[in-house]
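What follows is a set of notes on a single structure, which appears directly below.
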Amino acid sequence: MAAQGVVLATRALCKRLGERPIVQGLNLDVGRGECLALLGPSGAGKTTLIRCLSGQLPPDDGQVLLEGHNVDVLGRSRRRRVAVVFQQFNLVGRISALDNVLAGRLGYLPVWRAMLGRFEPCDRLQALQCLERVGMLEHAGRRADTLSGGQQQRVAIARALAQQPAVILADEPIASLDPVNGAAVLDLLRDIARTEGVAVVCSLHQLELAVAWADRILGMAPNRPAIDLPAHRFDADTSAHIYGWKPEFGGIA
Amino acid sequence: MKPEPSHAVLQALEAHAHARTGRVGRRALRFSALLLALGLLAASAHIAQVDPARLITGLPRLGHWLATAWPPKLDELPIFLWRTAETVAMAAVGTTIATVLAIPMAMLASRNLTPWPRLYLPARWLLNALRGIDSFVFALLFVAAVGLGPFAGVLGIALHTWGSAGKFMADTIESAPLGPMQAVEATGASRLVAARFALVPEVMPAVLSSTLYLFEFNVRASTVLGVVGAGGIGQELKNSMDLLDFARLATIIVVILVVVTGIDQFAAWLRRRLV
């Protein structure tokens, strides 16, 4: 990736969880339209790193840069450029899919309008377009808690899109879904990265899916330095470094 | 045919059988707990001056009054209905004021939402104090402060209900799922906006339902507020009793029963539709 295409970067990032170091001196660049998979066993700190990248947790040392600006001091106008997708979807259950997607526009609204729920017509139009983008337009009026898991995650991605983000951070977005829905959600995320130029960072547990899906992989292991490499160079040795065991790699490596 | 149980299984079986019979010490403990409870009950009966003999000698008097309660005094019915309307109005206005005041207090008194964690405990204390003092006691104070009449009753109901409604709302907020709120905050919305967007829809049905319940409760509670001069049907109740006019008293009680039952039914129907 060319340097001017970098939207999310870390410089000498250090983060500890309690006493345990998660990352030490991490230098990471994620470019426009790039898909980065975070791999690592449970407890390696994938969630902590994602929370750190989104500015929900401050770094212990070093910097997280979003489009060249320090995430630590992001104002509202910058914060809305980072969208987060959760394992448990985190939709508001009792309101419609459309209203949930409109929440993605709240960062663009003056507070009084947000409090009254008075969205502009163009916000509604955009929210509907986002629902169409994820294939959920026909369910726009349904209450979120009546949708299936796969549908809910699609609505959550539409909410992320409504933020017009530079980066989508997804924390195990398919861990609560069956394999078919999970694969569809990953396809959707990659498609969004390619067509909208959004950088997608996604933590995953399924090795083979991650290798097939990502452009790059950041492998994290407890008490070891993270490895950053192109997905096609991920092999059994890298896996051994992260997980401590060598998988049988069908035809992938 | 089941296989022969292993030695370890047999040992575990014996151990569990042992545990179930219980040790002598534990039985003695249970027995003394029972004795203590009985002792406390006996002491309470003594302190409360429970005296069945007095009830027996008093019963004929009660029977005599009941006999004079018929026929009902319908000529004063318009006054009774007006006073009952006053009672219901006091409950309605008091409950509404309490609910409005309870919203900001509930936000302060919810661990997950409060903007100032330092005020969390004081807010809880205040709500508990308000809840701990009955509307009747507050009404007594307000009659002295603002004078006789239903307004004193409204204020009494409002203060007590403020505590109940605030505590209930805060508990509802604390048990609401946090994920949606966290997600809406992550879109760049402020905390207050996120609460309005993610929390209000989740807690609204429970809050509306509890408000209706408090209204029902307050209608029943405010029937007696007139006894201390705080307006409503209670005033007529007390007057009848002072005059030993049992026909009037019985008529009033029937009016109260009909109205309270009607409102209870209506509110219960409304609540079923909400949840």
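If you're wondering about the labels, chains in the structure tokens are A, B, ... by order shown, residues count from 1 in each chain, ligands from 1 in order shown.
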
(request) List every residue of region 70-245 of chain A that DSSP, applied to the backbone of this structure, places in alpha helix (DSSP H), and write the result as number ranges by chain. (result) A: 76-79, 97-102, 111-116, 121-133, 149-162, 179-196, 207-213, 236-243

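Residues of chain B having any atom within 6 Å of chain A, counting only C-alpha atoms, are Gly179, Pro180, Thr187, Gly188, Ala189, Val193 and Ala198 of chain B.
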
Quick one: write out the picked residues with C-alpha atoms as a PDB file, in the first residue's frame?
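Once written, part.pdb looks like this:
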ATOM      1  CA  GLY B 179     -24.120  -3.431  24.492  1.00  0.00           C
ATOM      2  CA  PRO B 180     -26.526  -1.309  22.409  1.00  0.00           C
ATOM      3  CA  THR B 187     -20.853   5.900  16.450  1.00  0.00           C
ATOM      4  CA  GLY B 188     -19.747   9.272  17.766  1.00  0.00           C
ATOM      5  CA  ALA B 189     -22.879  10.142  19.734  1.00  0.00           C
ATOM      6  CA  VAL B 193     -27.767  11.002  23.121  1.00  0.00           C
ATOM      7  CA  ALA B 198     -30.392   2.971  23.054  1.00  0.00           C
TER       8      ALA B 198
END

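Our summary of the geometry notes that CA of Ile256 (chain B) is positioned 17.6 Å from CA of Leu66 (chain B).
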
(request) For Asp245 (chain B), work out the shell of residues within 10 Å, counting only C-alpha atoms and skipping chain neighbours fewer than 6 positions away, then give it as a ChimeraX atom specification. (result) /B:65,68-69,73,237,239

(request) Point out the residue among A:Leu229, A:Met220, A:Gln126, A:Asp235 with the least atom-to-atom distance to Gln24 (chain A), counting only C-alpha atoms. (result) A:Met220

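For the pair CA of Val219 (chain B) and CA of Asp134 (chain B), the separation is 13.9 Å.
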
(message) Based on the backbone DSSP call, show me all residues of region 100-238 of chain A assigned strand (DSSP E), as a PyMOL selection string.
(response) chain A and resi 167-171+199-203+216-221+224-230
